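Student: Got a structure for you, questions after.
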Amino acid sequence: MRIFAIPILKNKTTYYCRHKPKTTTYLTKMTNYATRKWEELSNADKKSLKGRIYVGGQNLLDRMDYQEYFLKGVPMREERGDDKSSVPLLYPSNVITSEQIVNNLQQLLERRSPYHRKYMIYSALFVPLSATFSIIPILPNIPLFYNLFRLYSHYKAYKGAQHLSHIIEDNRLVPTASKELIYIYNGLDLNKNEIIDEQRIHNIAKKFGLIVLENDVKRARNQILEKIKKENQEKNPNNKIKVDDSVRNDGGDNNKK
């Protein structure tokens, strides 16, 4: 297992967990089956009912908090093969310190663990109610499927947060400066409110061979920028505030692999 710390802008960092399970659990098999079935809907005509369900579902997935995606990717405690093994936390030391990334991670766990536990319980309570929904026979019970998905998602995120907390408590999380990340972040000054651009995100994913990382980090970037834009508009309702999404690409071409 490896964890990547990807700074988006000053004081805003997202994390990604890379983990290859040694065995495939029944829960994982069921999840993979459901994922395949969901992806099959992507081939449906976008104007059809199935197509509209897929598009609407994808919009919901994109709005799901990026921190939840990260915690879901952390294996549950029961899946650990060796409790004594260390876990590298890769980060670009030219834009962030090891103390910052560990402190940010601990604060994230303190916030998200009780949050996911709370909404895991809420989702479980709504499952019996949504199971009673009567929908046209040719259509699935969407409320039930949604509640089951949210129950599973909150459960995975909660257990992932627990596992990661144990790793930190056992002093097994090892901050490790990554030469690859340092090179890709070269020329980007987060202290001047610069934002990581999508080309650099692509370069990170390509360098480490992690396609999902690119999607997750881009989602995190979009959510962070949207939140900042919304907060600025609330503070200055009479002014047209625009988040500066431009980044100096000094050496950007050199980062392409």
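Here's how to read the names in the structure tokens: chain A, B, ... by the order shown, residue numbers from 1 in each chain, ligand numbers from 1 in the order shown.
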Which of range 59-122 of chain A counts as strand (DSSP E) under DSSP, as a PyMOL selection string please?
Tutor: chain A and resi 87-91
Student: Might you pull out every residue within 10 Å of Ile201 in chain A, with only C-alpha atoms counted and same-chain residues fewer than 4 positions away left off, and present them as a short mmCIF file (atom, residue, chain, number, x, y, z; two decimals) with all heavy atoms, in the first residue's frame?
Tutor:
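Result saved to part25.cif:
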```
data_model
loop_
_atom_site.label_atom_id
_atom_site.label_comp_id
_atom_site.auth_asym_id
_atom_site.auth_seq_id
_atom_site.Cartn_x
_atom_site.Cartn_y
_atom_site.Cartn_z
N ILE A 6 -1.13 14.92 -2.90
CA ILE A 6 -1.11 15.76 -4.09
C ILE A 6 -1.63 17.15 -3.72
O ILE A 6 -2.85 17.37 -3.66
CB ILE A 6 -1.97 15.15 -5.22
CG1 ILE A 6 -1.65 13.67 -5.42
CG2 ILE A 6 -1.80 15.95 -6.51
CD1 ILE A 6 -0.26 13.41 -5.93
N ILE A 8 -3.07 20.66 -4.17
CA ILE A 8 -3.84 21.31 -5.23
C ILE A 8 -3.50 22.79 -5.30
O ILE A 8 -3.24 23.34 -6.37
CB ILE A 8 -5.36 21.13 -5.00
CG1 ILE A 8 -5.70 19.64 -4.89
CG2 ILE A 8 -6.15 21.80 -6.12
CD1 ILE A 8 -5.41 18.83 -6.14
N ILE A 184 7.77 17.00 -11.19
CA ILE A 184 6.53 17.45 -11.83
C ILE A 184 6.04 18.77 -11.23
O ILE A 184 5.48 19.62 -11.95
CB ILE A 184 5.45 16.35 -11.70
CG1 ILE A 184 5.86 15.12 -12.53
CG2 ILE A 184 4.08 16.86 -12.16
CD1 ILE A 184 4.96 13.91 -12.36
N TYR A 185 6.26 18.97 -9.94
CA TYR A 185 5.84 20.22 -9.29
C TYR A 185 6.84 21.35 -9.50
O TYR A 185 6.57 22.49 -9.11
CB TYR A 185 5.63 20.01 -7.79
CG TYR A 185 4.24 19.55 -7.42
CD1 TYR A 185 3.90 18.20 -7.43
CD2 TYR A 185 3.25 20.47 -7.08
CE1 TYR A 185 2.63 17.77 -7.09
CE2 TYR A 185 1.98 20.05 -6.73
CZ TYR A 185 1.67 18.71 -6.74
OH TYR A 185 0.40 18.30 -6.42
N ILE A 196 -2.33 23.69 -9.17
CA ILE A 196 -1.82 22.64 -10.04
C ILE A 196 -2.72 22.53 -11.27
O ILE A 196 -3.95 22.54 -11.17
CB ILE A 196 -1.74 21.28 -9.30
CG1 ILE A 196 -1.04 20.23 -10.18
CG2 ILE A 196 -3.11 20.80 -8.86
CD1 ILE A 196 -0.75 18.94 -9.48
N ASP A 197 -2.11 22.45 -12.45
CA ASP A 197 -2.87 22.36 -13.68
C ASP A 197 -3.14 20.91 -14.04
O ASP A 197 -2.51 19.98 -13.52
CB ASP A 197 -2.12 23.06 -14.82
CG ASP A 197 -0.71 22.52 -14.97
OD1 ASP A 197 0.18 22.92 -14.19
OD2 ASP A 197 -0.50 21.66 -15.85
N ALA A 205 -0.18 10.84 -12.95
CA ALA A 205 -0.86 9.57 -13.19
C ALA A 205 -0.08 8.70 -14.18
O ALA A 205 0.06 7.49 -13.99
CB ALA A 205 -2.27 9.82 -13.71
N LYS A 206 0.45 9.34 -15.21
CA LYS A 206 1.21 8.60 -16.22
C LYS A 206 2.51 8.06 -15.65
O LYS A 206 2.90 6.92 -15.93
CB LYS A 206 1.49 9.52 -17.41
CG LYS A 206 2.21 8.82 -18.57
CD LYS A 206 2.41 9.79 -19.73
CE LYS A 206 3.14 9.09 -20.89
NZ LYS A 206 3.36 10.02 -22.03
N LYS A 207 3.19 8.86 -14.85
CA LYS A 207 4.47 8.45 -14.29
C LYS A 207 4.33 7.22 -13.40
O LYS A 207 5.16 6.30 -13.43
CB LYS A 207 5.09 9.60 -13.48
CG LYS A 207 6.44 9.28 -12.87
CD LYS A 207 7.47 8.99 -13.95
CE LYS A 207 8.82 8.64 -13.34
NZ LYS A 207 9.82 8.33 -14.39
N LEU A 213 -6.02 7.65 -10.37
CA LEU A 213 -5.49 8.81 -9.66
C LEU A 213 -5.80 10.09 -10.41
O LEU A 213 -6.18 11.10 -9.80
CB LEU A 213 -3.98 8.66 -9.45
CG LEU A 213 -3.27 9.81 -8.73
CD1 LEU A 213 -2.11 9.29 -7.89
CD2 LEU A 213 -2.73 10.86 -9.70
N GLU A 214 -5.64 10.08 -11.72
CA GLU A 214 -5.91 11.28 -12.52
C GLU A 214 -7.36 11.72 -12.36
O GLU A 214 -7.64 12.90 -12.15
CB GLU A 214 -5.58 11.02 -13.99
CG GLU A 214 -5.84 12.24 -14.86
CD GLU A 214 -5.36 12.05 -16.29
OE1 GLU A 214 -4.86 10.95 -16.61
OE2 GLU A 214 -5.47 13.00 -17.08
N ASN A 215 -8.28 10.79 -12.46
CA ASN A 215 -9.69 11.13 -12.33
C ASN A 215 -10.02 11.67 -10.94
O ASN A 215 -10.74 12.66 -10.80
CB ASN A 215 -10.56 9.89 -12.61
CG ASN A 215 -10.42 9.40 -14.03
OD1 ASN A 215 -10.15 10.17 -14.94
ND2 ASN A 215 -10.62 8.10 -14.24
N ASP A 216 -9.46 11.02 -9.91
CA ASP A 216 -9.75 11.43 -8.53
C ASP A 216 -9.17 12.80 -8.22
O ASP A 216 -9.82 13.63 -7.56
CB ASP A 216 -9.19 10.39 -7.55
CG ASP A 216 -10.05 9.13 -7.50
OD1 ASP A 216 -11.02 9.05 -8.26
OD2 ASP A 216 -9.72 8.22 -6.71
N VAL A 217 -7.94 13.07 -8.67
CA VAL A 217 -7.30 14.35 -8.37
C VAL A 217 -7.97 15.49 -9.14
O VAL A 217 -8.15 16.59 -8.62
CB VAL A 217 -5.79 14.30 -8.67
CG1 VAL A 217 -5.15 15.67 -8.47
CG2 VAL A 217 -5.10 13.27 -7.77
N LYS A 218 -8.37 15.23 -10.38
CA LYS A 218 -9.08 16.25 -11.15
C LYS A 218 -10.43 16.56 -10.50
O LYS A 218 -10.86 17.72 -10.46
CB LYS A 218 -9.27 15.80 -12.60
CG LYS A 218 -8.01 15.88 -13.43
CD LYS A 218 -8.27 15.49 -14.88
CE LYS A 218 -7.00 15.63 -15.72
NZ LYS A 218 -7.24 15.23 -17.13
N ARG A 221 -9.69 18.70 -7.51
CA ARG A 221 -9.34 20.05 -7.96
C ARG A 221 -10.60 20.84 -8.30
O ARG A 221 -10.75 22.00 -7.87
CB ARG A 221 -8.43 19.96 -9.18
CG ARG A 221 -7.96 21.29 -9.76
CD ARG A 221 -7.08 21.03 -10.98
NE ARG A 221 -6.49 22.24 -11.50
CZ ARG A 221 -7.07 23.04 -12.39
NH1 ARG A 221 -8.29 22.75 -12.84
NH2 ARG A 221 -6.46 24.12 -12.84
#
```
Student: Rank A:Ile167, A:Leu9, A:Leu188, A:Leu129 by their smallest atom-to-atom distance to Leu105 in chain A, using only C-alpha atoms, and report the top residue only.
Tutor: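 Smallest distance to Leu105 in chain A is found for A:Ile167.
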Student: Could you name the residues that touch Lys118 in chain A at 12 Å or less, counting only C-alpha atoms, but leaving out those on the same chain fewer than 6 positions away, as a ChimeraX atom specification?
Tutor: /A:111-112,124-125,150-151,154-155,157-158
Student: Can you pull out the residues contacting Ser153 in chain A? Cut-off 8 Å, using only C-alpha atoms, and skip same-chain residues under 4 positions away; I want them as a VMD selection string.
Tutor: chain A and resid 68 72 149 157
Student: For range 92-97 of chain A, list every protein, DNA or RNA residue within 6 Å, evaluated using only C-alpha atoms, and leave out those in the same chain fewer than 3 positions away; present the list as JSON, numbers by chain.
Tutor: {"A": [100, 177, 178, 181, 182]}
Student: If you keep C-alpha atoms, can you produce a file of those selected residues as an mmCIF file, in the first residue's frame?
Tutor:
```cif
data_model
loop_
_atom_site.group_PDB
_atom_site.id
_atom_site.type_symbol
_atom_site.label_atom_id
_atom_site.label_comp_id
_atom_site.auth_asym_id
_atom_site.auth_seq_id
_atom_site.Cartn_x
_atom_site.Cartn_y
_atom_site.Cartn_z
ATOM 1 C CA GLN A 100 2.053 19.616 6.895
ATOM 2 C CA ALA A 177 9.878 12.752 -0.590
ATOM 3 C CA SER A 178 9.226 11.587 -4.151
ATOM 4 C CA LEU A 181 6.583 14.419 -7.727
ATOM 5 C CA ILE A 182 9.292 16.986 -7.018
#
```
Student: Between A:Tyr183, A:Ser165, A:Met120, A:Asn232, which one has atoms that come closest to Tyr152 in chain A, using only C-alpha atoms?
Tutor: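 Closest candidate: A:Met120.
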Student: One decimal, in Å: what's the spacing between CA of Leu60 in chain A and CA of Arg219 in chain A?
Tutor: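 One can read the CA of Leu60 in chain A to CA of Arg219 in chain A distance as 12.3 Å.
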Student: Please give the complete set of residues from range 34-155 of chain A that DSSP, run on the backbone, assigns to helix (DSSP H, G or I), formatted as a ChimeraX atom specification.
Tutor: /A:34-43,49-63,66-73,77-79,98-131,142-155
Student: Give me a file of those residues, with C-alpha atoms, as a PDB file, in the first residue's frame.
Tutor:
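The result, written out as result-v6.pdb:
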```pdb
ATOM      1  CA  ALA A  34     -22.320  -3.912  -9.496  1.00  0.00           C
ATOM      2  CA  THR A  35     -19.693  -1.664 -11.115  1.00  0.00           C
ATOM      3  CA  ARG A  36     -19.763  -3.704 -14.332  1.00  0.00           C
ATOM      4  CA  LYS A  37     -23.548  -3.561 -14.438  1.00  0.00           C
ATOM      5  CA  TRP A  38     -23.467   0.192 -13.897  1.00  0.00           C
ATOM      6  CA  GLU A  39     -20.906   0.710 -16.653  1.00  0.00           C
ATOM      7  CA  GLU A  40     -23.123  -1.270 -19.033  1.00  0.00           C
ATOM      8  CA  LEU A  41     -25.654   1.554 -18.728  1.00  0.00           C
ATOM      9  CA  SER A  42     -23.108   3.923 -20.268  1.00  0.00           C
ATOM     10  CA  ASN A  43     -23.787   2.256 -23.625  1.00  0.00           C
ATOM     11  CA  LEU A  49     -34.571   6.200 -19.546  1.00  0.00           C
ATOM     12  CA  LYS A  50     -31.537   4.016 -18.812  1.00  0.00           C
ATOM     13  CA  GLY A  51     -29.273   6.641 -20.379  1.00  0.00           C
ATOM     14  CA  ARG A  52     -30.787   9.422 -18.277  1.00  0.00           C
ATOM     15  CA  ILE A  53     -30.415   7.299 -15.141  1.00  0.00           C
ATOM     16  CA  TYR A  54     -26.731   6.753 -15.947  1.00  0.00           C
ATOM     17  CA  VAL A  55     -26.044  10.440 -16.623  1.00  0.00           C
ATOM     18  CA  GLY A  56     -27.857  11.469 -13.439  1.00  0.00           C
ATOM     19  CA  GLY A  57     -25.992   8.861 -11.447  1.00  0.00           C
ATOM     20  CA  GLN A  58     -22.635   9.999 -12.786  1.00  0.00           C
ATOM     21  CA  ASN A  59     -23.450  13.570 -11.812  1.00  0.00           C
ATOM     22  CA  LEU A  60     -24.142  12.379  -8.267  1.00  0.00           C
ATOM     23  CA  LEU A  61     -20.853  10.459  -8.198  1.00  0.00           C
ATOM     24  CA  ASP A  62     -18.921  13.528  -9.361  1.00  0.00           C
ATOM     25  CA  ARG A  63     -20.457  15.566  -6.541  1.00  0.00           C
ATOM     26  CA  TYR A  66     -13.254  13.829  -2.975  1.00  0.00           C
ATOM     27  CA  GLN A  67     -12.112  12.989   0.570  1.00  0.00           C
ATOM     28  CA  GLU A  68     -14.655  10.177   0.659  1.00  0.00           C
ATOM     29  CA  TYR A  69     -13.173   8.748  -2.535  1.00  0.00           C
ATOM     30  CA  PHE A  70      -9.749   8.703  -0.883  1.00  0.00           C
ATOM     31  CA  LEU A  71     -10.892   7.006   2.317  1.00  0.00           C
ATOM     32  CA  LYS A  72     -12.861   4.400   0.337  1.00  0.00           C
ATOM     33  CA  GLY A  73      -9.613   3.490  -1.395  1.00  0.00           C
ATOM     34  CA  ARG A  77      -8.301  -3.241   8.712  1.00  0.00           C
ATOM     35  CA  GLU A  78      -9.411  -6.832   8.141  1.00  0.00           C
ATOM     36  CA  GLU A  79      -7.700  -6.839   4.735  1.00  0.00           C
ATOM     37  CA  SER A  98       6.143  16.232   5.768  1.00  0.00           C
ATOM     38  CA  GLU A  99       4.732  17.848   8.917  1.00  0.00           C
ATOM     39  CA  GLN A 100       2.053  19.616   6.895  1.00  0.00           C
ATOM     40  CA  ILE A 101       0.872  16.542   5.038  1.00  0.00           C
ATOM     41  CA  VAL A 102       0.729  14.385   8.181  1.00  0.00           C
ATOM     42  CA  ASN A 103      -1.110  17.094  10.156  1.00  0.00           C
ATOM     43  CA  ASN A 104      -3.559  17.626   7.293  1.00  0.00           C
ATOM     44  CA  LEU A 105      -4.166  13.895   7.107  1.00  0.00           C
ATOM     45  CA  GLN A 106      -4.789  13.589  10.841  1.00  0.00           C
ATOM     46  CA  GLN A 107      -7.237  16.503  10.757  1.00  0.00           C
ATOM     47  CA  LEU A 108      -9.026  14.886   7.812  1.00  0.00           C
ATOM     48  CA  LEU A 109      -9.425  11.637   9.763  1.00  0.00           C
ATOM     49  CA  GLU A 110     -10.712  13.467  12.838  1.00  0.00           C
ATOM     50  CA  ARG A 111     -13.403  15.151  10.744  1.00  0.00           C
ATOM     51  CA  ARG A 112     -14.403  12.388   8.383  1.00  0.00           C
ATOM     52  CA  SER A 113     -14.458   9.346  10.676  1.00  0.00           C
ATOM     53  CA  PRO A 114     -17.440  10.481  12.804  1.00  0.00           C
ATOM     54  CA  TYR A 115     -19.095  11.953   9.695  1.00  0.00           C
ATOM     55  CA  HIS A 116     -19.071   8.667   7.803  1.00  0.00           C
ATOM     56  CA  ARG A 117     -20.134   6.703  10.877  1.00  0.00           C
ATOM     57  CA  LYS A 118     -23.129   9.014  11.325  1.00  0.00           C
ATOM     58  CA  TYR A 119     -24.302   8.820   7.719  1.00  0.00           C
ATOM     59  CA  MET A 120     -23.601   5.101   7.523  1.00  0.00           C
ATOM     60  CA  ILE A 121     -26.216   4.672  10.262  1.00  0.00           C
ATOM     61  CA  TYR A 122     -28.648   7.027   8.508  1.00  0.00           C
ATOM     62  CA  SER A 123     -28.290   5.137   5.231  1.00  0.00           C
ATOM     63  CA  ALA A 124     -28.865   1.812   7.006  1.00  0.00           C
ATOM     64  CA  LEU A 125     -32.061   3.163   8.588  1.00  0.00           C
ATOM     65  CA  PHE A 126     -33.411   4.286   5.217  1.00  0.00           C
ATOM     66  CA  VAL A 127     -32.734   0.971   3.456  1.00  0.00           C
ATOM     67  CA  PRO A 128     -35.888  -0.791   4.795  1.00  0.00           C
ATOM     68  CA  LEU A 129     -38.011   2.249   3.916  1.00  0.00           C
ATOM     69  CA  SER A 130     -36.630   2.554   0.389  1.00  0.00           C
ATOM     70  CA  ALA A 131     -37.119  -1.197  -0.108  1.00  0.00           C
ATOM     71  CA  ILE A 142     -33.563   3.431  -7.613  1.00  0.00           C
ATOM     72  CA  PRO A 143     -34.076   4.764  -4.051  1.00  0.00           C
ATOM     73  CA  LEU A 144     -33.113   1.356  -2.649  1.00  0.00           C
ATOM     74  CA  PHE A 145     -30.034   1.040  -4.854  1.00  0.00           C
ATOM     75  CA  TYR A 146     -28.952   4.574  -3.984  1.00  0.00           C
ATOM     76  CA  ASN A 147     -29.293   3.978  -0.235  1.00  0.00           C
ATOM     77  CA  LEU A 148     -27.406   0.692  -0.518  1.00  0.00           C
ATOM     78  CA  PHE A 149     -24.653   2.446  -2.436  1.00  0.00           C
ATOM     79  CA  ARG A 150     -24.393   5.264   0.126  1.00  0.00           C
ATOM     80  CA  LEU A 151     -24.394   2.715   2.958  1.00  0.00           C
ATOM     81  CA  TYR A 152     -21.543   0.818   1.328  1.00  0.00           C
ATOM     82  CA  SER A 153     -19.644   4.019   0.503  1.00  0.00           C
ATOM     83  CA  HIS A 154     -19.876   5.427   4.040  1.00  0.00           C
ATOM     84  CA  TYR A 155     -18.978   2.018   5.505  1.00  0.00           C
TER      85      TYR A 155
END
```
Student: Find the residues around Asn171 in chain A up to 12 Å (only C-alpha atoms counted), leave out those fewer than 4 positions away in its own chain, and share them as a list of chain:residue names.
Tutor: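 In the requested format, the answer is A:Asp83, A:Lys84, A:Ser85, A:Ser86, A:Val87, A:Pro88, A:Val102, A:Leu164, A:Ser165, A:His166, A:Ile167, A:Pro175.
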